[in-house]
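Asks: There's a structure below that I have some questions on.
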Amino acid sequence: MKTDKIVQKLVDSYGSWVQEEKENCPGHSAVMSSKLYPYDAIFSPIRVNRMTLKNRVVMAPMGNLNMCEENGRPNDKMLQYFFARAKGGTGLLTTGLIPISHGIDNTVTEPGKLSFFPRIDRSRTVFSGWRDLAQGVHAYGSRIFIQLTPGLGRVGPPQCVINEMKLPCSASLNPNFYIPELPCLPLTDLALHKIIKNGGQAASDAKTAGLDGVYLHGHEGYLLDQLTNPAFNRRKAGRYAYWQNFGLDLVREIRKRVGDAYPIMYRIDLSLALNETYKERMESVKSLKKFGNGRTIYDTLRYMENLIKAGVDMFDVDLGCYDNWWLPHPPAGMPAGCFLEISRIAKKYFKTREVKSNAGLEVPIVAVGKLGYPDLAEKALRDGMCDLVMLGRPLLADPDWCKKAYAGEVDRIRPCIGCQEGCINEFVEGGHPQCAVNPRTGFEDVIPETLPKAENKKKIAVVGAGPSGMQFALTASARGHEVTLIEREKVLGGKVVPGSRPKIKFDFKNYLDYLIREVRLAEEKGGIILQTGVEADTQWLKEQNFDAIVYNIGTTSVVPRIPGVDQADWVQATDLLCEPEKLGDARRTVVIGGGVVGCETAYWLKYEKGCDVTVVEMLPYIMSGACTANRYHLIHYMEKAGVKLLNCAKVTGFTKNSVQIEKNISKGVPDPYNTWQPQLPENIANPLAKKIGPETEVQELPADLVVFAMGGRPDESLYLEGLRMHAAKELYNIGDSFAGGRVLEAARAAYRLARDI
């Protein structure tokens, strides 16, 4: 088993950085400050082949699934989505995955030869969409590359087996990522040669359509990575048994078709980091067992040098693959600038070996990984750790990131919260890319950028200043309505306040600070009347003659009716996060509820408070339904720290110092620490899944303190009282008081209501 000390150090640090107190701790850079303004490095031009980019900001390939017509032609949703980021000042945009293996990789095409991917390989029927996209982006002085992928291979969705009785493919006989019991059959050299020819044709079509370059997706364990990494490519014969050949042949074919001056960019992981992530599990977990012989960093750097000789002009680099999903999709808890060391290694290697592109230029390295903090991005460029910075989710959160950073208005940048619920989970479950904090993202085609002025200005009360209440108040007041925002607590934020307390939730804290600044600014301008520390009273609300009342009360925390609960020392997780002194001298803690709140609290208790922690969850999966990256990250590092996770476990009673549970111990109970296989969406059945049997045993868990994280019930009492008393002509109930949910649902509902009221 190969081990890379640099990778091992980085992987280990991604879960324990909260314990660091040094000034150079990555987390200390994760603030929206403007100490390095003006950002002359970010906004300096750079040449790639014969093309000049106006600045050093690259939009990452963020999906675009379901942003096309059924035949694959880019639709207006996709066009307006990119135009918004070009208008916001981004230098280079990149599309999401565009497969060039329809008819070969069974996972990329829907039944009936339909596509949820935009296509450029089908026929002339799709070309007009790409031409319109290129022309629209160029109108703002930006460039756009098309990201081509030879396919998904083993990480493709396995519905092709159920829908069309066709197995997925891969470089060798590999297990499917989603259902490891399904084999992925090796592609023949003839099929791979066909994909290479398709790549050359797609690149030529892209050039003719006016797109500015080609971007090859060679990381995350997609098919190109499978063919160019000996972890996945274990072929014994044929041209593509040598792991570099497929990538080199693909680049050569593209270069032959597009000429010397057309830019080619390549996305690559310097290491899968599987050995460093899972260590001894690489030998004991069946679905990981074959993947131990992956490229080292040195192997990858030599391969990159050969790719340059074949015609590549630029790279972006990171770590990981689907099987350690949180690495290539850094979630909320990973530190800012988490892959800067990786980009620095690549730059240093090329500089030491004096590697130049075929155009005679130094090869730009694009850094990725939570770089949406202007000071951090500027420092990385000034320090020579990279040549460009790639922003994905930050540009979904605020398409005007570049404009605001260039103008020094950093405090007006709407920060990403790292939840990945809108940008990734939405299309995993069948939607299109969206954003939890920016309700227009993915809806630019139907929601105009300019807010309509209120023709009939109304006097509106907003009860509750959580994320939905603040979003509604800001949007409605910007339209000209007279808005009174009422919050019973002395601070704004609702459940975002406890949610932002753990150090790993620094992104959430940035978002809370942003919302509060925006509300205070609106208050100063007279758009919002703010009342904090005030309990809303229905009679008082009625007497104020409001035209409309919008309730955003939130939820009421659940306390279980279980024998002995009155004897136990207990606290709600949200209260504990707000008032850590309630922990007292407790060291043995039991968290009841293994959802997002429970696991974030458990992580906080272990890493920041040094407690012994056990999490009890009734469902088969810990953090069920949460975004894969955030699930994996927390579970992996909780296991590393010794947090005990008990799934399929029911609390049956409490004593003063213990919790009694009934734990299912059948062989079908999922491994709670499994971070190499995802939880499938509810609407996708796994016919090969093990059945959970009836076998249980009683266990007693010692507990100095019990922490309840069992969710909450929507508190609609005040809304219902307002209805009965006819408190205003218009009454609305949104946010968690309508249905307990996430920032995604809260902000989206608040924004849409505020636009229309």
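Residues are named by chain letter and number: chains run A, B, ... in the order of the structure tokens, numbers start at 1 in each chain, and ligands are numbered from 1 in the order shown.
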Could you pull out the helix (DSSP H, G or I) residues of region 51-141 of chain A from DSSP and send them as a PDB file with C-alpha atoms, in the first residue's frame?
Replies:
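Everything below was put into states10.pdb:
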```pdb
ATOM      1  CA  ASP A  76     -32.462  29.443 -21.180  1.00  0.00           C
ATOM      2  CA  LYS A  77     -32.085  28.368 -17.547  1.00  0.00           C
ATOM      3  CA  MET A  78     -28.499  27.335 -18.223  1.00  0.00           C
ATOM      4  CA  LEU A  79     -27.744  30.437 -20.288  1.00  0.00           C
ATOM      5  CA  GLN A  80     -29.054  32.935 -17.747  1.00  0.00           C
ATOM      6  CA  TYR A  81     -27.285  31.060 -14.935  1.00  0.00           C
ATOM      7  CA  PHE A  82     -23.926  31.626 -16.655  1.00  0.00           C
ATOM      8  CA  PHE A  83     -24.712  35.124 -17.882  1.00  0.00           C
ATOM      9  CA  ALA A  84     -25.288  36.218 -14.264  1.00  0.00           C
ATOM     10  CA  ARG A  85     -21.757  35.077 -13.273  1.00  0.00           C
ATOM     11  CA  ALA A  86     -20.211  36.660 -16.375  1.00  0.00           C
ATOM     12  CA  LYS A  87     -22.025  39.919 -15.650  1.00  0.00           C
ATOM     13  CA  PRO A 111     -34.257   5.826 -21.251  1.00  0.00           C
ATOM     14  CA  GLY A 112     -35.513   6.870 -24.671  1.00  0.00           C
ATOM     15  CA  LYS A 113     -32.108   8.426 -25.444  1.00  0.00           C
ATOM     16  CA  ARG A 124     -26.779  20.186 -35.011  1.00  0.00           C
ATOM     17  CA  THR A 125     -29.985  20.452 -32.975  1.00  0.00           C
ATOM     18  CA  VAL A 126     -27.916  21.255 -29.882  1.00  0.00           C
ATOM     19  CA  PHE A 127     -25.398  23.682 -31.415  1.00  0.00           C
ATOM     20  CA  SER A 128     -27.514  26.825 -31.240  1.00  0.00           C
ATOM     21  CA  GLY A 129     -27.639  26.639 -27.445  1.00  0.00           C
ATOM     22  CA  TRP A 130     -23.856  26.590 -27.213  1.00  0.00           C
ATOM     23  CA  ARG A 131     -23.467  29.468 -29.672  1.00  0.00           C
ATOM     24  CA  ASP A 132     -25.935  31.551 -27.679  1.00  0.00           C
ATOM     25  CA  LEU A 133     -24.076  30.720 -24.460  1.00  0.00           C
ATOM     26  CA  ALA A 134     -20.686  31.768 -25.837  1.00  0.00           C
ATOM     27  CA  GLN A 135     -21.980  35.019 -27.304  1.00  0.00           C
ATOM     28  CA  GLY A 136     -23.765  35.989 -24.102  1.00  0.00           C
ATOM     29  CA  VAL A 137     -20.721  35.349 -21.903  1.00  0.00           C
ATOM     30  CA  HIS A 138     -18.452  37.292 -24.268  1.00  0.00           C
TER      31      HIS A 138
END
```
Asks: Got a sec: who's within 6 Å of region 731-747 of chain A, counting only C-alpha atoms, leaving out chain neighbours fewer than 6 positions off, as a ChimeraX atom specification?
Replies: /A:436,468,548-555,714-716
Asks: Which neighbours of Ala727 (chain A) fall inside 9 Å, counting only C-alpha atoms, when residues of the same chain fewer than 3 positions from it are skipped, and could you give them as JSON, numbers by chain?
Replies: {"A": [538, 539, 540, 541, 542, 543, 545, 546, 548, 549, 721, 722, 723, 724, 730, 731]}
Asks: Find the residues around region 700-705 of chain A up to 12 Å (only C-alpha atoms counted), leave out those fewer than 5 positions away in its own chain, and share them as JSON, numbers by chain.
Replies: {"A": [565, 567, 568, 569, 570, 571, 572, 573, 576, 582, 583, 584, 585, 586, 587, 588, 589, 590, 591, 592, 605, 611, 612, 613, 614, 615, 616, 644, 646, 649, 650, 651, 652, 653, 654, 655, 656, 657, 658, 659, 660, 661, 662, 663]}
Asks: Can you list every residue in region 282-486 of chain A that DSSP puts in strand (DSSP E or B), as a list in words?
Replies: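 DSSP on the backbone gives strand (DSSP E or B) at Met314, Phe315, Asp316, Val317, Asp318, Leu319, Cys321, Lys356, Glu362, Ile365, Val366, Ala367, Leu388, Val389, Met390, Leu391, Lys459, Ile460, Ala461, Val462, Val463, Glu482, Val483, Thr484, Leu485 and Ile486 of chain A.
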Asks: Write out as a list in words which residues come within 6 Å of region 594-602 of chain A when counting only C-alpha atoms, dropping same-chain ones fewer than 5 positions away.
Replies: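 Here the answer would be Glu617, Ile622, Met623 and Ala709 of chain A.
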Asks: Using only C-alpha atoms, which protein or nucleic acid residues come within 10 Å of Thr228 (chain A)? Drop anything in the same chain fewer than 4 positions from it, and give the result as a list in words.
Replies: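 Counting only C-alpha atoms, the residues come to Ala171, Gly218, His219, Gly221, Leu223, Leu224, Phe232, Asn233, Tyr240, Ala241, Tyr242, Trp243, Gln244, Asn245, Phe246, Gly247, Leu248, Gly294, Arg295, Thr300 and Tyr303 of chain A.
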Asks: Within 12 Å of Asp121 (chain A), counting only C-alpha atoms, which residues qualify if same-chain residues fewer than 3 places away don't, as number ranges by chain?
Replies: A: 71-73, 98-103, 115, 117-118, 124-127, 130, 148-150, 195, 197-206
Asks: Using CA of Pro74 (chain A) and CA of Asp249 (chain A) as the two end points, give the distance in Å to one decimal.
Replies: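 These two atoms are separated by 28.3 Å.
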Asks: Using only C-alpha atoms for the distances, tell me which of A:Lys286, A:Arg382, A:Arg344, A:Lys458 is nearest to Pro175 (chain A).
Replies: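 Checking each of A:Lys286, A:Arg382, A:Arg344, A:Lys458 against Pro175 (chain A), counting only C-alpha atoms, the winner is A:Lys286.
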Asks: Could you work out how far CA of Glu220 (chain A) lies from CA of Val7 (chain A), giving the answer in Å with one decimal?
Replies: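 Here the two named atoms are 15.6 Å from each other.
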Asks: Please measure the separation of CA of Arg412 (chain A) and CA of Phe443 (chain A), giving the value in Å to one decimal.
Replies: 21.5 Å
